[in-house]
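What follows is the content of data.pdb (PDB, C-alpha atoms, pLDDT in the B column).
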ATOM      1  CA  MET Y1186      43.032  64.166 109.239  1.00 64.00           C
ATOM      2  CA  ILE Y1187      44.198  66.799 106.752  1.00 71.00           C
ATOM      3  CA  THR Y1188      46.742  65.720 104.201  1.00 72.00           C
ATOM      4  CA  GLN Y1189      48.683  67.915 101.845  1.00 67.00           C
ATOM      5  CA  PRO Y1190      48.554  67.133  98.147  1.00 63.00           C
ATOM      6  CA  PRO Y1191      51.773  65.717  96.712  1.00 63.00           C
ATOM      7  CA  PRO Y1192      54.109  68.334  95.263  1.00 63.00           C
ATOM      8  CA  GLN Y1193      53.857  69.030  91.564  1.00 74.00           C
ATOM      9  CA  PRO Y1194      56.602  67.609  89.357  1.00 82.00           C
ATOM     10  CA  LEU Y1195      59.500  70.022  89.327  1.00 86.00           C
ATOM     11  CA  ARG Y1196      60.137  71.919  86.086  1.00 90.00           C
ATOM     12  CA  LEU Y1197      62.851  74.480  85.625  1.00 91.00           C
ATOM     13  CA  VAL Y1198      63.833  77.011  83.024  1.00 92.00           C
ATOM     14  CA  VAL Y1199      67.080  78.934  82.902  1.00 94.00           C
ATOM     15  CA  ASP Y1200      67.086  82.270  81.122  1.00 94.00           C
ATOM     16  CA  LEU Y1201      70.369  81.777  79.281  1.00 90.00           C
ATOM     17  CA  ASN Y1202      70.368  85.424  78.190  1.00 93.00           C
ATOM     18  CA  ARG Y1203      70.355  86.487  81.836  1.00 94.00           C
ATOM     19  CA  CYS Y1204      72.769  83.766  83.045  1.00 93.00           C
ATOM     20  CA  GLN Y1205      76.282  85.113  83.659  1.00 92.00           C
ATOM     21  CA  SER Y1206      77.909  81.678  84.249  1.00 91.00           C
ATOM     22  CA  TYR Y1207      78.680  82.308  87.916  1.00 93.00           C
ATOM     23  CA  GLY Y1208      78.153  78.584  88.503  1.00 93.00           C
ATOM     24  CA  GLN Y1209      76.387  78.788  91.858  1.00 95.00           C
ATOM     25  CA  CYS Y1210      73.723  76.409  90.516  1.00 95.00           C
ATOM     26  CA  VAL Y1211      76.400  73.880  89.548  1.00 95.00           C
ATOM     27  CA  TYR Y1212      77.756  73.907  93.104  1.00 95.00           C
ATOM     28  CA  ALA Y1213      74.288  73.666  94.666  1.00 96.00           C
ATOM     29  CA  ALA Y1214      72.911  70.906  92.399  1.00 96.00           C
ATOM     30  CA  PRO Y1215      75.720  69.258  90.391  1.00 96.00           C
ATOM     31  CA  THR Y1216      73.517  66.373  89.238  1.00 95.00           C
ATOM     32  CA  VAL Y1217      71.125  68.846  87.579  1.00 96.00           C
ATOM     33  CA  PHE Y1218      73.362  71.694  86.358  1.00 96.00           C
ATOM     34  CA  ARG Y1219      76.718  71.407  84.584  1.00 94.00           C
ATOM     35  CA  PHE Y1220      78.964  73.426  82.324  1.00 92.00           C
ATOM     36  CA  HIS Y1221      79.651  72.230  78.818  1.00 88.00           C
ATOM     37  CA  GLY Y1222      82.916  73.876  77.891  1.00 84.00           C
ATOM     38  CA  GLU Y1223      83.822  76.976  79.826  1.00 76.00           C
ATOM     39  CA  GLU Y1224      80.574  78.955  79.855  1.00 74.00           C
ATOM     40  CA  SER Y1225      77.759  76.943  78.259  1.00 87.00           C
ATOM     41  CA  LEU Y1226      75.311  75.829  80.956  1.00 91.00           C
ATOM     42  CA  GLU Y1227      73.416  72.572  80.513  1.00 93.00           C
ATOM     43  CA  TYR Y1228      70.662  71.441  82.849  1.00 94.00           C
ATOM     44  CA  ASP Y1229      67.945  68.851  83.364  1.00 93.00           C
ATOM     45  CA  TYR Y1230      64.668  70.733  82.841  1.00 90.00           C
ATOM     46  CA  ALA Y1231      62.654  68.053  84.684  1.00 91.00           C
ATOM     47  CA  PRO Y1232      64.800  66.744  87.547  1.00 92.00           C
ATOM     48  CA  GLY Y1233      63.502  64.012  89.818  1.00 89.00           C
ATOM     49  CA  ASP Y1234      61.824  64.811  93.110  1.00 86.00           C
ATOM     50  CA  GLY Y1235      64.854  63.491  95.004  1.00 91.00           C
ATOM     51  CA  VAL Y1236      66.840  66.630  94.140  1.00 92.00           C
ATOM     52  CA  ARG Y1237      64.067  69.156  94.768  1.00 91.00           C
ATOM     53  CA  ARG Y1238      65.774  70.881  97.733  1.00 92.00           C
ATOM     54  CA  GLU Y1239      69.090  71.149  95.879  1.00 95.00           C
ATOM     55  CA  VAL Y1240      67.357  72.687  92.841  1.00 94.00           C
ATOM     56  CA  GLU Y1241      65.494  75.151  95.048  1.00 93.00           C
ATOM     57  CA  ARG Y1242      68.799  76.110  96.693  1.00 95.00           C
ATOM     58  CA  ALA Y1243      70.395  76.513  93.271  1.00 96.00           C
ATOM     59  CA  ALA Y1244      67.617  78.864  92.161  1.00 95.00           C
ATOM     60  CA  ALA Y1245      67.933  80.871  95.380  1.00 95.00           C
ATOM     61  CA  ALA Y1246      71.737  81.052  95.003  1.00 95.00           C
ATOM     62  CA  CYS Y1247      71.667  82.408  91.444  1.00 96.00           C
ATOM     63  CA  PRO Y1248      73.028  85.974  91.679  1.00 95.00           C
ATOM     64  CA  VAL Y1249      71.015  87.124  88.643  1.00 96.00           C
ATOM     65  CA  GLN Y1250      67.864  85.053  89.364  1.00 95.00           C
ATOM     66  CA  ALA Y1251      68.048  83.331  85.959  1.00 96.00           C
ATOM     67  CA  ILE Y1252      66.414  80.098  87.210  1.00 95.00           C
ATOM     68  CA  THR Y1253      62.631  79.790  87.237  1.00 93.00           C
ATOM     69  CA  LEU Y1254      60.956  76.867  89.003  1.00 90.00           C
ATOM     70  CA  SER Y1255      57.444  75.549  88.792  1.00 84.00           C
ATOM     71  CA  GLY Y1256      56.172  73.025  91.261  1.00 68.00           C
ATOM     72  CA  ALA Y1257      58.641  74.282  93.877  1.00 54.00           C
ATOM     73  CA  THR Y1258      57.773  73.965  97.551  1.00 55.00           C
ATOM     74  CA  GLU Y1259      59.477  77.259  98.466  1.00 52.00           C
ATOM     75  CA  PRO Y1260      59.582  80.435  96.341  1.00 52.00           C
ATOM     76  CA  ALA Y1261      62.968  81.737  95.265  1.00 49.00           C
ATOM     77  CA  PRO Y1262      63.811  85.114  96.776  1.00 49.00           C
ATOM     78  CA  VAL Y1263      63.471  88.149  94.556  1.00 51.00           C
ATOM     79  CA  ALA Y1264      66.702  90.063  94.087  1.00 47.00           C
ATOM     80  CA  PRO Y1265      66.331  93.844  93.908  1.00 50.00           C
ATOM     81  CA  VAL Y1266      67.569  95.393  90.681  1.00 46.00           C
ATOM     82  CA  ALA Y1267      69.209  98.793  90.875  1.00 48.00           C
ATOM     83  CA  CYS Y1268      68.196 101.456  88.393  1.00 48.00           C
ATOM     84  CA  GLY Y1269      70.680 101.708  85.567  1.00 49.00           C
ATOM     85  CA  ASP Y1270      71.989  98.162  86.119  1.00 47.00           C
ATOM     86  CA  ASP Y1271      73.150  97.046  82.666  1.00 48.00           C
ATOM     87  CA  ARG Y1272      73.274  93.302  83.318  1.00 44.00           C
TER      88      ARG Y1272
END
Translate this structure into structure tokens?
Amino acid sequence: MITQPPPQPLRLVVDLNRCQSYGQCVYAAPTVFRFHGEESLEYDYAPGDGVRREVERAAAACPVQAITLSGATEPAPVAPVACGDDR
């Protein structure tokens, strides 16, 4: 019988310079991401395994791909960047 190793603990980093405060992560994983004030994003950098799917969805939903995950079970999609995009 072949067994898969347990998933690595989830770690996340948000590039706050890239983040544009769209809030898609807050909607996808409200127990992990939240706004402090109007635009300051706060997040749990080591959320529990029980919210893994929500965090992965939050990373995938980020319009500017500012969320990086390690220990994720599914890779976040790569968004194409147009030449001359000043974001």
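We find CA of Ala1213 in chain Y and CA of Arg1196 in chain Y to be spaced 16.6 Å apart.
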key: Residue neighbourhood Asp1200 in chain Y, 8 Å, all atoms listed in the file, exclusion window fewer than 5 positions, as a PyMOL selection string   = chain Y and resi 1251-1253
key: Spatial neighbours of range 1216-1220 of chain Y, max dist 10 Å, all atoms listed in the file, sep filter under 4 positions, as an MDAnalysis selection string   = chainID Y and resid 1206 1208:1212 1224:1233 1236 1239:1240 1243
note = Of Y:Asp1234, Y:Gly1222, Y:Tyr1207, Y:Ala1245, the one nearest to Gln1193 in chain Y when counting all atoms listed in the file is Y:Asp1234
task = Rounded to one decimal place, report the CA of Glu1223 in chain Y-CA of Leu1197 in chain Y distance in Å.
result = 21.9 Å
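CA of Val1198 in chain Y is positioned 14.1 Å from CA of Arg1237 in chain Y.
In terms of minimum interatomic distance to Ser1255 in chain Y, Y:Leu1195 ranks closest within Y:Thr1188, Y:Cys1204, Y:His1221, Y:Leu1195, counting all atoms listed in the file.
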query = Could you write out as an MDAnalysis selection string the residues that the PyMOL selection byres ((chain Y and resi 1203) around 9) matches in the shown file?
reply = chainID Y and resid 1199:1202 1204:1205 1249:1251 1272
Listed atoms of range 1235-1248 of chain Y, axis-aligned box, 3 Å per side: centre and edge lengths to one decimal in Å, as JSON?
{"center_x": 68.5, "center_y": 74.7, "center_z": 94.6, "size_x": 15.0, "size_y": 28.5, "size_z": 12.3}
